>>> print(open('model16.csv').read())   # CSV, C-alpha atoms
chain,number,residue,atom,x,y,z
J,1,GLY,CA,101.8,107.5,114.6
J,2,VAL,CA,100.6,110.2,117.0
J,3,PRO,CA,103.1,113.0,116.2
J,4,TRP,CA,101.3,115.8,118.1
J,5,ARG,CA,101.0,113.9,121.3
J,6,ASP,CA,102.1,115.8,124.4
J,7,ILE,CA,103.9,113.5,126.9
J,8,GLU,CA,104.4,114.5,130.5
J,9,GLY,CA,104.7,118.2,129.8
J,10,VAL,CA,106.7,117.8,126.6
J,11,THR,CA,104.7,119.4,123.8
J,12,ASN,CA,104.4,117.6,120.5
J,13,ALA,CA,106.8,114.9,121.5
J,14,GLY,CA,104.8,112.2,119.7
J,15,TRP,CA,104.7,108.4,120.0
J,16,VAL,CA,103.9,105.3,117.9
J,17,MET,CA,101.4,102.7,118.8
J,18,VAL,CA,101.6,99.2,117.3
J,19,VAL,CA,98.6,96.9,117.3
J,20,TYR,CA,99.4,93.4,116.0
J,21,GLY,CA,97.3,91.4,113.6
J,22,SER,CA,96.0,87.8,113.8
J,23,ALA,CA,93.9,85.5,111.8
J,24,ALA,CA,90.9,87.1,113.4
J,25,GLY,CA,92.1,90.7,112.6
J,26,LEU,CA,93.8,93.2,114.9
J,27,GLN,CA,94.1,92.0,118.4
J,28,THR,CA,94.2,93.9,121.7
J,29,ASP,CA,93.8,91.1,124.3
J,30,ALA,CA,96.3,88.4,123.2
J,31,ALA,CA,100.0,88.2,122.8
J,32,PRO,CA,101.7,90.1,121.3
J,33,LEU,CA,99.8,92.9,123.0
J,34,PRO,CA,99.7,96.4,121.6
J,35,LYS,CA,102.8,98.4,122.4
J,36,ARG,CA,103.6,102.1,122.5
J,37,PHE,CA,107.1,103.3,121.6
J,38,GLN,CA,108.5,106.7,122.8
J,39,LEU,CA,112.0,108.1,122.3
J,40,GLY,CA,114.2,107.5,125.2
J,41,ILE,CA,111.7,105.4,127.1
J,42,ASP,CA,111.9,101.6,127.9
J,43,GLY,CA,115.1,101.3,125.9
J,44,VAL,CA,114.0,103.0,122.7
J,45,PHE,CA,117.0,104.9,121.2
J,46,GLY,CA,116.9,108.6,120.1
J,47,GLY,CA,116.1,110.1,123.5
J,48,PRO,CA,115.6,112.1,125.4
J,49,ARG,CA,112.3,113.2,123.9
J,50,ALA,CA,112.0,117.0,123.3
J,51,PRO,CA,109.3,119.5,122.3
J,52,ASP,CA,108.3,119.3,118.7
J,53,ASP,CA,110.0,116.0,118.0
J,54,ILE,CA,106.8,114.9,116.3
J,55,MET,CA,107.8,111.2,116.5
J,56,GLY,CA,105.6,109.2,114.1
J,57,TRP,CA,105.0,111.9,111.5
J,58,ALA,CA,105.9,109.3,108.9
J,59,LEU,CA,106.0,105.5,109.0
J,60,ALA,CA,107.1,102.8,106.6
J,61,ALA,CA,107.1,99.0,107.0
J,62,GLY,CA,109.4,96.6,105.2
J,63,ASP,CA,111.7,93.7,105.7
J,64,PHE,CA,115.0,95.6,105.8
J,65,ASP,CA,117.1,92.7,107.2
J,66,GLY,CA,115.7,89.8,105.1
J,67,SER,CA,114.4,87.9,108.1
J,68,GLY,CA,110.9,87.3,106.6
J,69,ILE,CA,109.4,89.5,109.3
J,70,ASP,CA,108.6,93.2,108.7
J,71,ASP,CA,110.5,96.0,110.4
J,72,LEU,CA,109.2,99.5,111.1
J,73,ALA,CA,110.9,102.8,110.1
J,74,ILE,CA,109.7,105.9,112.1
J,75,GLY,CA,110.2,109.4,111.0
J,76,VAL,CA,111.0,112.0,113.7
J,77,PRO,CA,111.5,115.1,111.5
J,78,GLY,CA,111.4,117.6,114.3
J,79,LYS,CA,114.2,115.9,116.3
J,80,GLY,CA,117.3,118.0,117.0
J,81,VAL,CA,120.7,116.7,116.1
J,82,GLY,CA,123.2,118.3,118.5
J,83,ALA,CA,122.5,122.0,118.4
J,84,LEU,CA,120.6,121.7,115.1
J,85,ASP,CA,116.9,122.1,116.0
J,86,GLY,CA,114.6,120.3,113.6
J,87,ALA,CA,117.3,118.5,111.7
J,88,GLY,CA,115.4,115.2,111.9
J,89,MET,CA,115.9,111.6,112.6
J,90,VAL,CA,114.7,108.1,111.6
J,91,LEU,CA,114.3,105.3,114.1
J,92,VAL,CA,114.2,101.7,112.8
J,93,LEU,CA,112.8,98.9,115.0
J,94,TYR,CA,113.4,95.4,113.6
J,95,GLY,CA,110.8,92.7,113.8
J,96,GLN,CA,111.1,89.3,115.5
J,97,ASN,CA,108.7,86.4,116.1
J,98,GLY,CA,107.3,88.2,119.1
J,99,GLY,CA,106.9,91.6,117.3
J,100,LEU,CA,109.0,94.7,117.1
J,101,THR,CA,111.9,94.7,119.6
J,102,ILE,CA,114.1,97.3,121.2
J,103,ALA,CA,116.9,94.7,121.2
J,104,ASP,CA,117.5,95.4,117.5
J,105,GLN,CA,117.1,99.0,116.5
J,106,ASP,CA,118.9,101.7,114.4
J,107,VAL,CA,118.9,105.5,114.5
J,108,PHE,CA,119.8,107.5,111.4
J,109,THR,CA,120.4,111.2,110.9
J,110,GLN,CA,122.1,113.0,108.1
J,111,ASP,CA,125.2,113.1,110.3
J,112,SER,CA,125.3,109.3,110.8
J,113,VAL,CA,128.5,107.4,110.5
J,114,ASP,CA,129.2,103.7,110.6
J,115,GLY,CA,131.8,101.2,109.5
J,116,GLY,CA,130.3,101.2,106.0
J,117,GLY,CA,130.4,105.0,105.3
J,118,THR,CA,128.7,108.3,105.9
J,119,MET,CA,125.5,109.9,104.7
J,120,VAL,CA,125.8,111.7,101.4
J,121,GLU,CA,124.4,114.9,102.9
J,122,VAL,CA,124.9,116.6,106.3
J,123,ALA,CA,122.4,117.7,108.9
J,124,GLU,CA,121.2,121.3,109.1
J,125,ALA,CA,118.7,123.0,111.3
J,126,ASP,CA,115.1,122.6,110.1
J,127,ASP,CA,115.9,120.1,107.3
J,128,GLY,CA,113.1,117.8,108.5
J,129,PHE,CA,114.9,114.5,107.7
J,130,GLY,CA,112.3,111.8,107.9
J,131,THR,CA,109.3,113.9,106.9
J,132,SER,CA,108.4,111.2,104.4
J,133,LEU,CA,109.4,107.5,104.1
J,134,ALA,CA,108.9,104.7,101.6
J,135,ALA,CA,110.0,101.1,101.8
J,136,GLY,CA,110.7,99.2,98.6
J,137,ASP,CA,113.2,96.7,97.1
J,138,PHE,CA,115.0,99.1,94.7
J,139,ASN,CA,117.7,96.7,93.7
J,140,GLY,CA,115.7,93.5,93.5
J,141,ASP,CA,117.7,91.5,96.0
J,142,GLY,CA,114.7,90.4,98.0
J,143,VAL,CA,115.5,92.8,100.9
J,144,ASP,CA,113.7,96.1,101.3
J,145,ASP,CA,115.4,99.4,101.2
J,146,LEU,CA,114.3,102.8,102.6
J,147,ALA,CA,113.8,106.2,101.0
J,148,ILE,CA,113.8,109.2,103.3
J,149,GLY,CA,112.4,112.6,102.3
J,150,VAL,CA,114.1,115.8,103.5
J,151,PRO,CA,111.8,118.4,101.9
J,152,MET,CA,113.2,121.4,103.7
J,153,GLU,CA,116.8,120.7,102.8
J,154,ASP,CA,118.7,123.8,101.8
J,155,LEU,CA,121.1,123.3,98.9
J,156,PRO,CA,123.9,125.7,98.1
J,157,GLY,CA,122.5,129.2,97.5
J,158,GLY,CA,118.9,128.3,98.1
J,159,SER,CA,116.1,127.5,100.6
J,160,ASN,CA,113.9,124.4,101.0
J,161,GLN,CA,114.6,122.9,97.6
J,162,GLY,CA,114.5,119.4,99.1
J,163,PHE,CA,116.4,116.1,99.0
J,164,VAL,CA,115.8,112.4,99.1
J,165,HIS,CA,118.1,109.8,100.8
J,166,VAL,CA,118.1,106.1,100.0
J,167,LEU,CA,119.5,103.5,102.4
J,168,TYR,CA,119.8,99.9,101.1
J,169,GLY,CA,118.9,96.9,103.2
J,170,ALA,CA,121.0,93.7,103.6
J,171,SER,CA,120.3,90.3,104.9
J,172,ILE,CA,120.9,90.0,108.7
J,173,ILE,CA,122.5,93.4,108.8
J,174,GLY,CA,119.5,95.6,108.0
J,175,LEU,CA,119.7,99.1,106.8
J,176,ARG,CA,123.3,100.4,106.4
J,177,LEU,CA,125.2,103.5,105.2
J,178,PHE,CA,127.3,101.5,102.7
J,179,GLY,CA,126.2,102.6,99.2
J,180,ASN,CA,123.6,105.1,100.4
J,181,GLU,CA,122.4,107.5,97.7
J,182,GLY,CA,121.0,111.0,97.6
J,183,PHE,CA,118.9,112.8,95.0
J,184,THR,CA,117.9,116.4,94.2
J,185,GLN,CA,115.5,117.4,91.4
J,186,THR,CA,118.3,118.4,89.1
J,187,GLY,CA,120.3,115.3,90.1
J,188,THR,CA,117.6,112.9,88.9
J,189,ASP,CA,118.2,113.9,85.3
J,190,SER,CA,114.5,114.0,84.7
J,191,GLY,CA,114.6,117.4,83.1
J,192,ASP,CA,113.2,119.1,86.1
J,193,LEU,CA,115.3,121.7,87.9
J,194,THR,CA,116.0,122.4,91.6
J,195,GLU,CA,114.3,125.6,92.8
J,196,ASN,CA,113.7,127.4,96.1
J,197,GLN,CA,110.6,126.3,98.1
J,198,ASP,CA,109.9,123.2,95.9
J,199,ARG,CA,110.1,120.8,98.8
J,200,PHE,CA,111.2,117.9,96.6
J,201,GLY,CA,110.6,114.7,98.5
J,202,LEU,CA,107.6,115.9,100.6
J,203,HIS,CA,105.7,112.7,99.5
J,204,LEU,CA,107.1,109.3,98.5
J,205,VAL,CA,105.8,105.9,97.4
J,206,ALA,CA,107.5,102.8,96.1
J,207,GLY,CA,106.3,99.9,94.0
J,208,ASP,CA,107.2,97.9,90.8
J,209,LEU,CA,105.7,100.0,88.1
J,210,SER,CA,107.8,98.4,85.3
J,211,GLY,CA,107.4,94.8,86.3
J,212,ASP,CA,111.1,94.0,86.2
J,213,GLY,CA,111.3,92.8,89.8
J,214,ALA,CA,112.8,96.0,91.2
J,215,ASP,CA,110.7,98.7,92.8
J,216,GLU,CA,110.5,102.3,91.5
J,217,LEU,CA,110.5,105.4,93.7
J,218,VAL,CA,107.9,108.1,93.0
J,219,ILE,CA,108.7,111.5,94.5
J,220,GLY,CA,106.1,114.2,95.0
J,221,THR,CA,107.0,117.9,94.7
J,222,PRO,CA,103.6,119.5,95.2
J,223,PHE,CA,105.0,123.0,95.6
J,224,GLU,CA,106.7,122.9,92.2
J,225,ASP,CA,106.1,126.1,90.1
J,226,PHE,CA,105.6,125.7,86.3
J,227,GLU,CA,107.5,128.4,84.4
J,228,GLY,CA,106.6,128.0,80.8
J,229,GLY,CA,106.4,131.7,79.9
J,230,VAL,CA,103.8,132.4,82.6
J,231,THR,CA,104.6,131.2,86.1
J,232,VAL,CA,102.0,128.8,87.6
J,233,SER,CA,102.7,128.7,91.4
J,234,ASP,CA,102.6,125.5,93.3
J,235,THR,CA,100.9,123.5,90.6
J,236,GLY,CA,103.1,120.4,91.5
J,237,SER,CA,105.1,117.7,89.8
J,238,ILE,CA,106.2,114.1,90.4
J,239,THR,CA,109.5,112.4,89.6
J,240,VAL,CA,109.8,108.6,88.9
J,241,LEU,CA,113.2,107.0,89.6
J,242,TYR,CA,113.4,103.5,88.2
J,243,GLY,CA,114.9,100.6,90.1
J,244,GLN,CA,117.2,98.1,88.5
J,245,VAL,CA,117.9,94.5,89.6
J,246,GLY,CA,121.4,94.3,91.0
J,247,VAL,CA,122.0,98.0,90.8
J,248,GLY,CA,119.4,100.1,92.6
J,249,LEU,CA,117.7,103.4,91.7
J,250,GLU,CA,118.9,104.8,88.4
J,251,THR,CA,118.6,108.3,86.9
J,252,LEU,CA,119.0,107.2,83.3
J,253,LEU,CA,115.3,106.7,82.5
J,254,SER,CA,113.9,108.9,85.2
J,255,GLU,CA,111.1,111.2,84.2
J,256,SER,CA,109.2,114.2,85.6
J,257,TYR,CA,105.5,114.7,85.1
J,258,ILE,CA,102.9,117.4,85.6
J,259,GLU,CA,99.1,117.1,85.5
J,260,THR,CA,98.8,118.0,81.8
J,261,ASP,CA,101.1,115.2,80.8
J,262,PHE,CA,98.1,112.9,81.2
J,263,ALA,CA,95.3,113.1,78.7
J,264,ALA,CA,92.7,112.6,81.5
J,265,GLY,CA,94.2,115.4,83.6
J,266,GLY,CA,92.6,118.8,84.0
J,267,ALA,CA,94.1,122.2,83.2
J,268,MET,CA,97.3,123.1,85.1
J,269,GLN,CA,96.4,125.7,87.7
J,270,ALA,CA,98.1,127.5,90.6
J,271,PHE,CA,97.9,125.7,94.0
J,272,ASP,CA,96.7,122.4,92.6
J,273,TYR,CA,99.4,120.6,94.6
J,274,PHE,CA,99.7,117.7,92.1
J,275,GLY,CA,101.6,114.9,93.8
J,276,SER,CA,100.4,115.5,97.3
J,277,ALA,CA,99.4,111.8,97.8
J,278,PHE,CA,100.1,108.5,96.2
J,279,ALA,CA,99.0,104.9,96.1
J,280,ILE,CA,100.4,101.9,94.2
J,281,GLY,CA,98.3,98.8,93.3
J,282,ASN,CA,97.1,96.6,90.6
J,283,PHE,CA,94.2,98.9,89.5
J,284,VAL,CA,94.2,98.2,85.7
J,285,ALA,CA,93.2,94.7,84.9
J,286,THR,CA,95.2,94.5,81.7
J,287,THR,CA,98.5,95.2,83.5
J,288,VAL,CA,98.8,92.2,85.7
J,289,ASP,CA,102.6,92.0,85.2
J,290,HIS,CA,103.2,95.4,86.9
J,291,LEU,CA,101.6,97.8,89.3
J,292,ASP,CA,99.8,101.1,88.6
J,293,LEU,CA,100.0,104.6,90.2
J,294,ALA,CA,97.3,106.8,91.7
J,295,ILE,CA,98.2,110.5,92.1
J,296,GLY,CA,96.3,112.9,94.4
J,297,ILE,CA,95.6,116.5,93.3
J,298,PRO,CA,93.7,117.8,96.3
J,299,GLN,CA,93.2,121.4,95.3
J,300,ASP,CA,92.4,120.7,91.7
J,301,SER,CA,89.4,122.6,90.3
J,302,VAL,CA,87.0,120.3,88.5
J,303,TRP,CA,84.6,121.2,85.7
J,304,ASN,CA,81.0,120.2,86.4
J,305,GLY,CA,79.7,121.0,82.9
J,306,PHE,CA,78.9,124.6,83.7
J,307,SER,CA,81.8,126.0,85.8
J,308,GLU,CA,85.0,125.1,87.6
J,309,ILE,CA,84.4,123.8,91.1
J,310,SER,CA,87.3,125.3,93.1
J,311,ARG,CA,89.5,123.0,95.3
J,312,ALA,CA,87.1,120.0,94.7
J,313,GLY,CA,90.2,117.8,94.2
J,314,SER,CA,90.8,114.9,91.9
J,315,VAL,CA,92.9,111.7,91.4
J,316,ILE,CA,94.7,110.5,88.3
J,317,VAL,CA,95.3,106.7,87.9
J,318,THR,CA,97.9,105.8,85.3
J,319,THR,CA,100.1,102.8,84.4
J,320,GLN,CA,103.4,102.1,82.7
J,321,SER,CA,103.4,101.9,78.9
J,322,GLY,CA,106.8,101.2,77.3
J,323,ILE,CA,109.4,103.1,79.3
J,324,PHE,CA,107.1,105.9,80.5
J,325,LEU,CA,103.9,106.4,82.4
J,326,SER,CA,100.9,106.3,80.0
J,327,SER,CA,99.0,109.4,79.1
J,328,ALA,CA,96.4,107.7,77.0
J,329,ILE,CA,95.4,105.0,79.6
J,330,ALA,CA,95.3,107.4,82.5
J,331,GLN,CA,91.9,107.9,84.2
J,332,ARG,CA,90.7,110.9,86.2
J,333,TRP,CA,88.5,110.5,89.3
J,334,ALA,CA,86.6,113.1,91.4
J,335,GLN,CA,83.3,113.3,93.2
J,336,SER,CA,80.7,112.1,90.7
J,337,TYR,CA,83.4,112.1,88.1
J,338,GLY,CA,84.3,108.8,86.4
J,339,GLY,CA,81.8,107.0,88.5
J,340,SER,CA,83.1,108.0,92.0
J,341,ALA,CA,80.4,108.5,94.6
J,342,GLY,CA,79.6,112.0,95.9
J,343,LEU,CA,78.7,115.3,94.3
J,344,LEU,CA,81.2,117.9,93.2
J,345,ALA,CA,81.5,120.7,95.7
J,346,PRO,CA,84.1,123.4,96.5
J,347,ASN,CA,86.9,122.8,99.1
J,348,GLN,CA,86.4,119.0,99.3
J,349,LEU,CA,90.1,118.3,98.9
J,350,TYR,CA,89.3,114.9,97.3
J,351,GLY,CA,92.7,113.1,96.9
J,352,SER,CA,94.4,114.5,99.9
J,353,ALA,CA,95.1,110.9,101.1
J,354,LEU,CA,95.2,107.7,99.1
J,355,GLY,CA,95.4,104.0,100.0
J,356,ALA,CA,95.4,100.8,98.0
J,357,GLY,CA,94.3,97.3,98.9
J,358,ASP,CA,92.0,94.4,97.8
J,359,PHE,CA,89.0,95.5,99.9
J,360,ASP,CA,86.5,93.1,98.4
J,361,GLY,CA,88.8,90.0,98.0
J,362,ASP,CA,88.4,89.7,94.3
J,363,GLY,CA,92.1,89.7,93.5
J,364,PHE,CA,92.2,93.2,92.0
J,365,GLY,CA,93.3,96.4,93.6
J,366,ASP,CA,90.9,98.9,95.0
J,367,LEU,CA,91.5,102.5,95.9
J,368,ALA,CA,90.5,104.5,99.0
J,369,VAL,CA,90.4,108.3,98.6
J,370,GLY,CA,90.3,110.8,101.4
J,371,ALA,CA,88.3,114.0,101.2
J,372,PRO,CA,88.9,115.9,104.5
J,373,GLY,CA,87.0,119.0,103.4
J,374,PHE,CA,83.7,117.1,102.9
J,375,ASP,CA,80.7,118.9,104.5
J,376,LEU,CA,77.7,117.0,105.9
J,377,ILE,CA,74.3,118.6,106.6
J,378,GLY,CA,75.6,122.0,107.5
J,379,THR,CA,78.7,120.8,109.4
J,380,ASP,CA,81.9,121.8,107.7
J,381,ASP,CA,84.9,119.6,107.2
J,382,VAL,CA,83.5,116.4,108.6
J,383,GLY,CA,85.6,114.5,106.0
J,384,ALA,CA,84.7,111.5,103.9
J,385,LEU,CA,86.4,108.3,102.6
J,386,TYR,CA,85.6,107.2,99.1
J,387,THR,CA,86.3,103.7,97.7
J,388,ILE,CA,86.6,102.8,94.1
J,389,TYR,CA,86.6,99.0,93.5
J,390,GLY,CA,88.7,97.3,90.8
J,391,GLU,CA,87.3,94.6,88.5
J,392,LEU,CA,88.1,92.2,85.8
J,393,PHE,CA,87.6,94.6,82.9
J,394,GLY,CA,90.2,96.4,81.0
J,395,ASP,CA,89.1,99.9,82.1
J,396,GLY,CA,90.6,99.0,85.5
J,397,PHE,CA,87.8,100.3,87.7
J,398,GLU,CA,84.1,99.6,88.0
J,399,SER,CA,81.8,102.6,87.2
J,400,HIS,CA,78.9,101.4,89.3
J,401,ASP,CA,80.3,99.9,92.5
J,402,THR,CA,81.6,102.9,94.5
J,403,ALA,CA,81.0,104.0,98.0
J,404,ALA,CA,81.6,106.8,100.5
J,405,TRP,CA,81.6,107.0,104.2
J,406,SER,CA,81.8,109.8,106.8
J,407,ALA,CA,82.3,109.7,110.5
J,408,VAL,CA,78.5,109.4,111.0
J,409,ALA,CA,77.7,107.2,108.0
J,410,PRO,CA,79.9,104.1,108.4
>>> encode(input="model16.csv", output="structure tokens")
Amino acid sequence: GVPWRDIEGVTNAGWVMVVYGSAAGLQTDAAPLPKRFQLGIDGVFGGPRAPDDIMGWALAAGDFDGSGIDDLAIGVPGKGVGALDGAGMVLVLYGQNGGLTIADQDVFTQDSVDGGGTMVEVAEADDGFGTSLAAGDFNGDGVDDLAIGVPMEDLPGGSNQGFVHVLYGASIIGLRLFGNEGFTQTGTDSGDLTENQDRFGLHLVAGDLSGDGADELVIGTPFEDFEGGVTVSDTGSITVLYGQVGVGLETLLSESYIETDFAAGGAMQAFDYFGSAFAIGNFVATTVDHLDLAIGIPQDSVWNGFSEISRAGSVIVTTQSGIFLSSAIAQRWAQSYGGSAGLLAPNQLYGSALGAGDFDGDGFGDLAVGAPGFDLIGTDDVGALYTIYGELFGDGFESHDTAAWSAVAP
């Protein structure tokens, strides 16, 4: 996604570039060739493009029609809907043997209507529908579904409380409005309450944390204030909605968590933004029957043995234990903390972005951690990428095989 791309005088219209893989890796000189998608161009729906559409702000890949080939959901959160500026839109391009095709595409807004129903919430100006996306099989039917974050959704009597839509996929048909669901913080029954400026749904991730064959949805609310006697502003929280085979996402066992719910977590502080990034993978070797969750806390202050290092940032890795995320098994990572490479320094923002994958091919999940505030030899904010490699031992991560790269140190 290139959301801030100016196109032919249209500021911040955005586009999406797709580069296809092969047995030799990503390919640029063989069919299918790389392809650029723009609203209203070459048959792509959703046009005409307009200033501040920011197409490609969010992306999610999944097999929404059960064809065995992945499809692509594209968030266009700045798109106007009628006279409603910034209401937001999601474009879905379905995959075929030759790649993504404009012959099979869908457009969704909060005002969408089809033969199967209507959306559970309506479009409003500046809602930002499509700011975040996550693909997962929430009902265990073998076809992926799509969660759509609307973090600037205004609920009755409030402002920017946030909302999450879920569209369910079906074989051949793809994503549809039939049975679509919507969630607010209060509506998740997690014990957390909807409040102004929380921006519930700003970050999303999906994966099978419980091992029952249906994916869970983790929802980040990094602007959540904690009000336990003394208000702690923007400390952040996450909500876990559990998937159920044959049913979909359920609120019955949903839970809300803050940083101090995990034994490895630091003190809850203002502007930590707990839940600003997520990754799901098989990080903990003893939990091979289900996946584990990494949570970014990019403005967390980290103790170096003498003082708190402001906005150094950290990551908590946890796993399911019983019906809840485990506090005892959780690990905390920061620069030089827990074995991660690097040295603690202020304003590193470690944990701003997370990615999971098996980077060394050993069959266990590894974790990539972005630190965009990393400084290098007098140059501020060069940025760095840290990797933490998984291994065969029960602690989940190695303490000796970590690495970091910057733009000048590949």
>>> residues_around(input="model16.csv", residues="Gln348 in chain J", least_positions_apart="2", cutoff="6 Å", atoms="only C-alpha atoms", output="PDB file with C-alpha atoms, in the frame of the given file")
ATOM      1  CA  ALA J 312      87.100 120.000  94.700  1.00  0.00           C
ATOM      2  CA  PRO J 346      84.100 123.400  96.500  1.00  0.00           C
ATOM      3  CA  TYR J 350      89.300 114.900  97.300  1.00  0.00           C
ATOM      4  CA  ALA J 371      88.300 114.000 101.200  1.00  0.00           C
ATOM      5  CA  GLY J 373      87.000 119.000 103.400  1.00  0.00           C
ATOM      6  CA  PHE J 374      83.700 117.100 102.900  1.00  0.00           C
TER       7      PHE J 374
END
>>> closest_atom_pairs(input="model16.csv", of="range 337-399 of chain J", to="range 201-216 of chain J", cutoff="12 Å", atoms="all atoms listed in the file", output="Markdown table")
| residue | atom | partner | partner_atom | distance |
| --- | --- | --- | --- | --- |
| J:Ser352 | CA | J:His203 | CA | 11.4 |
| J:Ala353 | CA | J:His203 | CA | 10.9 |
| J:Leu354 | CA | J:Val205 | CA | 10.9 |
| J:Gly355 | CA | J:Val205 | CA | 10.9 |
| J:Ala356 | CA | J:Val205 | CA | 11.6 |
>>> residues_around(input="model16.csv", residues="Tyr20 in chain J", least_positions_apart="3", cutoff="8 Å", atoms="only C-alpha atoms", output="PyMOL selection string")
chain J and resi 26-28+32-34+99
>>> atom_distance(input="model16.csv", atom1="CA of Met17 in chain J", atom2="CA of Trp57 in chain J")
12.3 Å
>>> atom_distance(input="model16.csv", atom1="CA of Thr184 in chain J", atom2="CA of Gly115 in chain J")
25.7 Å
>>> closest_residue(input="model16.csv", among="J:Gly43, J:Gly246, J:Pro51, J:Gly313", to="Val76 in chain J", atoms="all atoms listed in the file")
J:Pro51
>>> residues_around(input="model16.csv", residues="Ser276 in chain J", least_positions_apart="3", cutoff="10 Å", atoms="all atoms listed in the file", output="list of chain:residue names")
J:Leu202, J:His203, J:Leu204, J:Ile219, J:Gly220, J:Thr221, J:Pro222, J:Phe223, J:Gly236, J:Ser237, J:Ile238, J:Asp272, J:Tyr273, J:Ile295, J:Gly296, J:Ile297, J:Pro298, J:Gln299, J:Gly351, J:Ser352, J:Ala353, J:Leu354
>>> atom_distance(input="model16.csv", atom1="CA of Trp333 in chain J", atom2="CA of Ile377 in chain J")
23.8 Å
>>> decode(input="model16.csv", residues="range 308-341 of chain J", atoms="C-alpha atoms", output="short mmCIF file (atom, residue, chain, number, x, y, z; two decimals), in the first residue's frame")
data_model
loop_
_atom_site.label_atom_id
_atom_site.label_comp_id
_atom_site.auth_asym_id
_atom_site.auth_seq_id
_atom_site.Cartn_x
_atom_site.Cartn_y
_atom_site.Cartn_z
CA GLU J 308 13.17 4.58 33.56
CA ILE J 309 14.12 5.08 29.90
CA SER J 310 11.31 7.16 28.45
CA ARG J 311 9.51 5.90 25.32
CA ALA J 312 12.05 3.13 24.77
CA GLY J 313 9.19 0.76 23.93
CA SER J 314 8.62 -2.91 24.64
CA VAL J 315 6.78 -6.03 23.50
CA ILE J 316 4.86 -8.59 25.54
CA VAL J 317 4.57 -12.16 24.21
CA THR J 318 1.88 -14.29 25.79
CA THR J 319 -0.11 -17.45 25.14
CA GLN J 320 -3.44 -18.99 26.00
CA SER J 321 -3.72 -20.83 29.32
CA GLY J 322 -7.12 -22.33 30.04
CA ILE J 323 -9.71 -19.84 28.80
CA PHE J 324 -7.57 -16.70 29.25
CA LEU J 325 -4.28 -15.26 28.05
CA SER J 326 -1.55 -16.29 30.46
CA SER J 327 -0.01 -13.81 32.85
CA ALA J 328 2.65 -16.16 34.21
CA ILE J 329 4.01 -17.41 30.88
CA ALA J 330 4.18 -13.92 29.34
CA GLN J 331 7.60 -12.58 28.37
CA ARG J 332 8.68 -8.96 27.98
CA TRP J 333 11.15 -7.81 25.33
CA ALA J 334 12.91 -4.50 24.81
CA GLN J 335 16.31 -3.40 23.55
CA SER J 336 18.87 -5.45 25.54
CA TYR J 337 15.97 -6.73 27.65
CA GLY J 338 15.19 -10.43 27.63
CA GLY J 339 17.98 -11.04 25.15
CA SER J 340 16.94 -8.68 22.38
CA ALA J 341 19.73 -6.93 20.51
#
